[in-house]
file target34.pdb (PDB, C-alpha atoms)
ATOM      1  CA  SER B   1    -221.438-295.035  10.251
ATOM      2  CA  GLU B   2    -220.060-298.010  12.247
ATOM      3  CA  GLY B   3    -218.522-301.349  11.455
ATOM      4  CA  GLU B   4    -215.811-303.831  12.274
ATOM      5  CA  ILE B   5    -213.083-305.412  10.201
ATOM      6  CA  GLN B   6    -210.551-308.145  10.738
ATOM      7  CA  VAL B   7    -207.052-307.735   9.359
ATOM      8  CA  TRP B   8    -204.226-310.262   9.286
ATOM      9  CA  THR B   9    -200.875-308.616   9.987
ATOM     10  CA  ASP B  10    -197.667-310.611  10.417
ATOM     11  CA  GLY B  11    -199.689-313.815  10.897
ATOM     12  CA  GLU B  12    -201.830-312.269  13.635
ATOM     13  CA  GLU B  13    -205.521-311.486  13.422
ATOM     14  CA  ARG B  14    -206.432-307.968  14.538
ATOM     15  CA  HIS B  15    -209.883-306.479  15.000
ATOM     16  CA  TYR B  16    -210.767-302.855  14.368
ATOM     17  CA  LYS B  17    -213.954-300.940  15.066
ATOM     18  CA  ILE B  18    -214.579-298.293  12.447
ATOM     19  CA  THR B  19    -216.604-295.154  12.981
ATOM     20  CA  THR B  20    -217.225-292.391  10.483
ATOM     21  CA  ASN B  21    -218.358-288.849  11.024
ATOM     22  CA  PRO B  22    -219.002-286.159   8.435
ATOM     23  CA  ILE B  23    -216.828-283.080   8.456
ATOM     24  CA  LEU B  24    -218.977-280.000   8.024
ATOM     25  CA  ARG B  25    -217.939-276.561   6.893
ATOM     26  CA  ASP B  26    -220.739-274.034   6.978
ATOM     27  CA  THR B  27    -223.362-276.827   6.957
ATOM     28  CA  LYS B  28    -221.818-278.364   3.837
ATOM     29  CA  HIS B  29    -220.070-281.734   3.802
ATOM     30  CA  SER B  30    -216.431-281.080   3.190
ATOM     31  CA  GLY B  31    -215.080-284.479   4.105
ATOM     32  CA  LEU B  32    -215.331-287.588   6.197
ATOM     33  CA  CYS B  33    -213.480-288.474   9.371
ATOM     34  CA  VAL B  34    -212.780-292.212   9.588
ATOM     35  CA  VAL B  35    -211.526-293.591  12.900
ATOM     36  CA  PHE B  36    -210.046-297.073  13.226
ATOM     37  CA  ARG B  37    -209.871-298.287  16.830
ATOM     38  CA  ASN B  38    -207.952-301.471  17.569
ATOM     39  CA  VAL B  39    -210.289-303.680  19.651
ATOM     40  CA  THR B  40    -208.225-306.876  19.375
ATOM     41  CA  VAL B  41    -207.464-307.091  23.097
ATOM     42  CA  GLU B  42    -211.073-306.401  24.073
ATOM     43  CA  ASN B  43    -212.340-309.052  21.638
ATOM     44  CA  ARG B  44    -209.898-311.611  23.009
ATOM     45  CA  LEU B  45    -211.000-310.826  26.565
ATOM     46  CA  LEU B  46    -214.653-311.259  25.568
ATOM     47  CA  GLU B  47    -213.881-314.563  23.828
ATOM     48  CA  ASN B  48    -212.045-315.733  26.946
ATOM     49  CA  LEU B  49    -214.969-314.758  29.190
ATOM     50  CA  GLN B  50    -217.377-316.534  26.829
ATOM     51  CA  ARG B  51    -215.230-319.671  26.954
ATOM     52  CA  GLN B  52    -215.013-319.519  30.757
ATOM     53  CA  ALA B  53    -218.777-319.155  31.001
ATOM     54  CA  THR B  54    -219.574-322.071  28.687
ATOM     55  CA  VAL B  55    -216.716-324.569  28.785
ATOM     56  CA  ASP B  56    -215.586-326.732  31.685
ATOM     57  CA  ALA B  57    -212.065-325.523  32.515
ATOM     58  CA  LEU B  58    -210.675-328.983  33.272
ATOM     59  CA  THR B  59    -212.095-331.050  30.419
ATOM     60  CA  GLY B  60    -212.614-328.535  27.632
ATOM     61  CA  ILE B  61    -216.186-329.699  26.954
ATOM     62  CA  TYR B  62    -219.395-327.811  27.680
ATOM     63  CA  ASN B  63    -220.178-327.189  31.324
ATOM     64  CA  ARG B  64    -223.478-328.260  32.873
ATOM     65  CA  GLY B  65    -225.321-324.992  32.269
ATOM     66  CA  THR B  66    -224.275-324.760  28.643
ATOM     67  CA  PHE B  67    -225.119-328.428  28.088
ATOM     68  CA  PHE B  68    -228.671-327.809  29.315
ATOM     69  CA  ASP B  69    -228.999-324.614  27.260
ATOM     70  CA  LEU B  70    -227.792-326.294  24.055
ATOM     71  CA  ALA B  71    -229.829-329.439  24.654
ATOM     72  CA  GLU B  72    -232.957-327.357  25.195
ATOM     73  CA  ALA B  73    -232.238-325.281  22.079
ATOM     74  CA  THR B  74    -231.679-328.454  20.043
ATOM     75  CA  LEU B  75    -234.933-329.999  21.217
ATOM     76  CA  GLU B  76    -236.826-326.751  20.637
ATOM     77  CA  HIS B  77    -235.353-326.360  17.144
ATOM     78  CA  GLU B  78    -236.439-329.863  16.191
ATOM     79  CA  LYS B  79    -239.898-329.534  17.754
ATOM     80  CA  GLY B  80    -242.587-330.910  15.492
ATOM     81  CA  ARG B  81    -240.173-333.042  13.477
ATOM     82  CA  THR B  82    -240.134-336.777  13.914
ATOM     83  CA  LEU B  83    -236.532-337.070  15.014
ATOM     84  CA  ASP B  84    -235.563-339.519  17.710
ATOM     85  CA  PHE B  85    -233.257-338.378  20.478
ATOM     86  CA  ALA B  86    -231.221-340.208  23.078
ATOM     87  CA  LEU B  87    -229.758-338.857  26.277
ATOM     88  CA  LEU B  88    -226.727-340.646  27.676
ATOM     89  CA  MET B  89    -225.835-340.103  31.310
ATOM     90  CA  ILE B  90    -222.313-341.357  31.933
ATOM     91  CA  ASP B  91    -220.814-341.959  35.360
ATOM     92  CA  VAL B  92    -217.208-343.029  35.951
ATOM     93  CA  ASP B  93    -217.330-346.071  38.208
ATOM     94  CA  HIS B  94    -215.484-345.889  41.543
ATOM     95  CA  PHE B  95    -213.852-342.577  40.631
ATOM     96  CA  LYS B  96    -213.287-341.683  44.291
ATOM     97  CA  GLN B  97    -210.862-344.617  44.490
ATOM     98  CA  VAL B  98    -208.763-343.113  41.685
ATOM     99  CA  ASN B  99    -208.471-339.843  43.600
ATOM    100  CA  ASP B 100    -207.844-341.636  46.908
ATOM    101  CA  ASN B 101    -205.264-344.089  45.543
ATOM    102  CA  TYR B 102    -203.402-341.905  43.014
ATOM    103  CA  GLY B 103    -204.259-338.313  43.916
ATOM    104  CA  HIS B 104    -206.399-335.614  42.377
ATOM    105  CA  PRO B 105    -203.939-334.784  39.557
ATOM    106  CA  CYS B 106    -204.350-338.367  38.347
ATOM    107  CA  GLY B 107    -208.120-338.077  38.667
ATOM    108  CA  ASP B 108    -207.978-334.877  36.606
ATOM    109  CA  SER B 109    -205.976-336.705  33.932
ATOM    110  CA  VAL B 110    -208.608-339.438  33.810
ATOM    111  CA  LEU B 111    -211.421-336.889  33.412
ATOM    112  CA  LYS B 112    -209.505-335.069  30.641
ATOM    113  CA  ALA B 113    -208.901-338.350  28.814
ATOM    114  CA  ILE B 114    -212.580-339.262  29.065
ATOM    115  CA  ALA B 115    -213.558-335.852  27.683
ATOM    116  CA  ASP B 116    -211.127-336.326  24.781
ATOM    117  CA  ILE B 117    -212.722-339.683  23.994
ATOM    118  CA  LEU B 118    -216.185-338.118  24.242
ATOM    119  CA  LYS B 119    -215.221-335.393  21.753
ATOM    120  CA  ALA B 120    -213.728-337.906  19.335
ATOM    121  CA  HIS B 121    -216.414-340.554  19.735
ATOM    122  CA  PHE B 122    -219.662-338.694  19.205
ATOM    123  CA  ARG B 123    -220.862-336.805  16.137
ATOM    124  CA  LYS B 124    -220.237-333.115  15.584
ATOM    125  CA  GLY B 125    -223.902-332.190  16.132
ATOM    126  CA  ASP B 126    -224.225-334.143  19.375
ATOM    127  CA  VAL B 127    -224.194-332.092  22.566
ATOM    128  CA  VAL B 128    -221.485-333.277  24.971
ATOM    129  CA  GLY B 129    -221.046-331.844  28.460
ATOM    130  CA  ARG B 130    -219.701-332.400  31.912
ATOM    131  CA  TYR B 131    -222.692-332.898  34.167
ATOM    132  CA  GLY B 132    -220.678-332.646  37.375
ATOM    133  CA  GLY B 133    -217.783-334.344  39.117
ATOM    134  CA  GLU B 134    -217.171-337.566  37.219
ATOM    135  CA  GLU B 135    -220.504-337.453  35.389
ATOM    136  CA  PHE B 136    -220.983-336.578  31.745
ATOM    137  CA  ALA B 137    -224.034-336.185  29.503
ATOM    138  CA  VAL B 138    -224.531-336.549  25.760
ATOM    139  CA  LEU B 139    -227.615-335.612  23.755
ATOM    140  CA  LEU B 140    -227.777-337.565  20.510
ATOM    141  CA  ALA B 141    -230.142-336.275  17.834
ATOM    142  CA  ASN B 142    -231.632-338.157  14.912
ATOM    143  CA  ILE B 143    -230.682-341.568  16.236
ATOM    144  CA  SER B 144    -232.620-344.759  16.787
ATOM    145  CA  GLY B 145    -232.705-346.532  20.125
ATOM    146  CA  ALA B 146    -230.557-349.359  18.761
ATOM    147  CA  GLN B 147    -227.998-346.889  17.360
ATOM    148  CA  ALA B 148    -227.885-345.054  20.698
ATOM    149  CA  VAL B 149    -227.280-348.292  22.590
ATOM    150  CA  ALA B 150    -224.526-349.232  20.127
ATOM    151  CA  ALA B 151    -222.894-345.784  20.465
ATOM    152  CA  ALA B 152    -223.048-345.975  24.258
ATOM    153  CA  GLU B 153    -221.537-349.462  24.255
ATOM    154  CA  LYS B 154    -218.755-348.430  21.882
ATOM    155  CA  PHE B 155    -217.960-345.478  24.151
ATOM    156  CA  ARG B 156    -218.084-347.669  27.269
ATOM    157  CA  LYS B 157    -215.603-350.060  25.653
ATOM    158  CA  ALA B 158    -213.289-347.190  24.644
ATOM    159  CA  ILE B 159    -213.177-346.002  28.258
ATOM    160  CA  GLU B 160    -212.627-349.531  29.523
ATOM    161  CA  ASP B 161    -209.658-349.888  27.126
ATOM    162  CA  MET B 162    -208.177-346.506  28.111
ATOM    163  CA  LYS B 163    -205.116-346.519  30.364
ATOM    164  CA  ILE B 164    -203.629-343.469  32.054
ATOM    165  CA  CYS B 165    -200.113-343.492  33.499
ATOM    166  CA  CYS B 166    -200.136-342.089  37.044
ATOM    167  CA  GLN B 167    -197.218-342.306  39.441
ATOM    168  CA  GLY B 168    -195.600-344.929  37.228
ATOM    169  CA  GLN B 169    -198.701-347.130  37.272
ATOM    170  CA  SER B 170    -201.301-347.793  34.622
ATOM    171  CA  VAL B 171    -204.732-346.649  35.798
ATOM    172  CA  GLY B 172    -207.927-347.751  34.129
ATOM    173  CA  VAL B 173    -211.556-346.953  34.794
ATOM    174  CA  SER B 174    -214.940-348.130  33.667
ATOM    175  CA  ASN B 175    -218.166-346.237  33.261
ATOM    176  CA  SER B 176    -221.851-346.775  33.470
ATOM    177  CA  ALA B 177    -223.918-345.277  30.692
TER
END
call {"tool": "encode", "arguments": {"input": "target34.pdb", "output": "structure tokens"}}
result
Amino acid sequence: SEGEIQVWTDGEERHYKITTNPILRDTKHSGLCVVFRNVTVENRLLENLQRQATVDALTGIYNRGTFFDLAEATLEHEKGRTLDFALLMIDVDHFKQVNDNYGHPCGDSVLKAIADILKAHFRKGDVVGRYGGEEFAVLLANISGAQAVAAAEKFRKAIEDMKICCQGQSVGVSNSA
């Protein structure tokens, strides 16, 4: 009696909620009323709210609450298995100096660049989030201690090699993992 469908029209995805009701004539079914209601706008609003609730607006990676929720779910899902996990806590060194010397827009650019490197550097199943301010966290599953150290060092080096152009100057940062 209810359902939803997605339809592509003119290159745009549209969502419809479908409801059906019998048409009765003297207690006999004489037909079916099918109603298609376009819920595309509502679905987009819900997706946007979901994104705002789970993703850090500046960096585009999971926010702190979502990171903890996903990390907990990952650990719970793997409970009883003999997988090794590693948790990386990453702090941008002397980040206040970037904001003080070049301004907050430059600091924002640095944080966005770090998040982009985080997304590209770690595996798809790893949980990557912004812990707060200039701090990030990564939960690595099914990884040995030596592999985790190597991954953290490779990431640290990638950040060290990163340069951001701010106010005509090249700005670099380092991080402690």
call {"tool": "resolve_selection", "arguments": {"input": "target34.pdb", "expression": "the PyMOL selection byres ((chain B and resi 64-77) around 7)", "output": "number ranges by chain"}}
result
B: 54, 62-63, 78-79, 127-132, 139
call {"tool": "resolve_selection", "arguments": {"input": "target34.pdb", "expression": "the PyMOL selection byres ((chain B and resi 153-155) around 9)", "output": "MDAnalysis selection string"}}
result
chainID B and resid 117:118 121:122 148:152 156:160 177
call {"tool": "residues_around", "arguments": {"input": "target34.pdb", "residues": "Leu83 (chain B)", "least_positions_apart": "4", "cutoff": "8 Å", "atoms": "only C-alpha atoms", "output": "count of residues only"}}
result
4
call {"tool": "atom_distance", "arguments": {"input": "target34.pdb", "atom1": "CA of Lys96 (chain B)", "atom2": "CA of Gly133 (chain B)"}}
result
10.0 Å
call {"tool": "residues_around", "arguments": {"input": "target34.pdb", "residues": "Ser176 (chain B)", "least_positions_apart": "3", "cutoff": "9 Å", "atoms": "only C-alpha atoms", "output": "PyMOL selection string"}}
result
chain B and resi 89-93+156
call {"tool": "write_last_selection", "arguments": {"input": "target34.pdb", "atoms": "C-alpha atoms", "output": "compact mmCIF listing (two decimals), keeping the file's coordinate frame"}}
result
# COMPACT_ATOMS: atom_id res chain seq x y z
CA MET B 89 -225.84 -340.10 31.31
CA ILE B 90 -222.31 -341.36 31.93
CA ASP B 91 -220.81 -341.96 35.36
CA VAL B 92 -217.21 -343.03 35.95
CA ASP B 93 -217.33 -346.07 38.21
CA ARG B 156 -218.08 -347.67 27.27
call {"tool": "atom_distance", "arguments": {"input": "target34.pdb", "atom1": "CA of Ala57 (chain B)", "atom2": "CA of Glu134 (chain B)"}}
result
13.9 Å
call {"tool": "residues_around", "arguments": {"input": "target34.pdb", "residues": "Ile18 (chain B)", "least_positions_apart": "5", "cutoff": "8 Å", "atoms": "only C-alpha atoms", "output": "mmCIF file with C-alpha atoms, keeping the file's coordinate frame"}}
result
data_model
loop_
_atom_site.group_PDB
_atom_site.id
_atom_site.type_symbol
_atom_site.label_atom_id
_atom_site.label_comp_id
_atom_site.auth_asym_id
_atom_site.auth_seq_id
_atom_site.Cartn_x
_atom_site.Cartn_y
_atom_site.Cartn_z
ATOM 1 C CA SER B 1 -221.438 -295.035 10.251
ATOM 2 C CA GLU B 2 -220.060 -298.010 12.247
ATOM 3 C CA GLY B 3 -218.522 -301.349 11.455
ATOM 4 C CA GLU B 4 -215.811 -303.831 12.274
ATOM 5 C CA ILE B 5 -213.083 -305.412 10.201
ATOM 6 C CA VAL B 34 -212.780 -292.212 9.588
ATOM 7 C CA VAL B 35 -211.526 -293.591 12.900
ATOM 8 C CA PHE B 36 -210.046 -297.073 13.226
ATOM 9 C CA ARG B 37 -209.871 -298.287 16.830
#
call {"tool": "closest_residue", "arguments": {"input": "target34.pdb", "among": "B:Arg81, B:Trp8, B:Leu32, B:Ile164", "to": "Val98 (chain B)", "atoms": "all atoms listed in the file"}}
result
B:Ile164
call {"tool": "closest_residue", "arguments": {"input": "target34.pdb", "among": "B:Val138, B:Met162, B:Val39, B:Ala53", "to": "Leu87 (chain B)", "atoms": "all atoms listed in the file"}}
result
B:Val138
call {"tool": "closest_residue", "arguments": {"input": "target34.pdb", "among": "B:Val171, B:Asp56, B:Glu47, B:Asn38", "to": "Gln97 (chain B)", "atoms": "all atoms listed in the file"}}
result
B:Val171
call {"tool": "closest_residue", "arguments": {"input": "target34.pdb", "among": "B:Gly145, B:Ala113, B:Glu135, B:Arg25", "to": "Gly172 (chain B)", "atoms": "all atoms listed in the file"}}
result
B:Ala113
call {"tool": "atom_distance", "arguments": {"input": "target34.pdb", "atom1": "CA of Val41 (chain B)", "atom2": "CA of Gln6 (chain B)"}}
result
12.8 Å
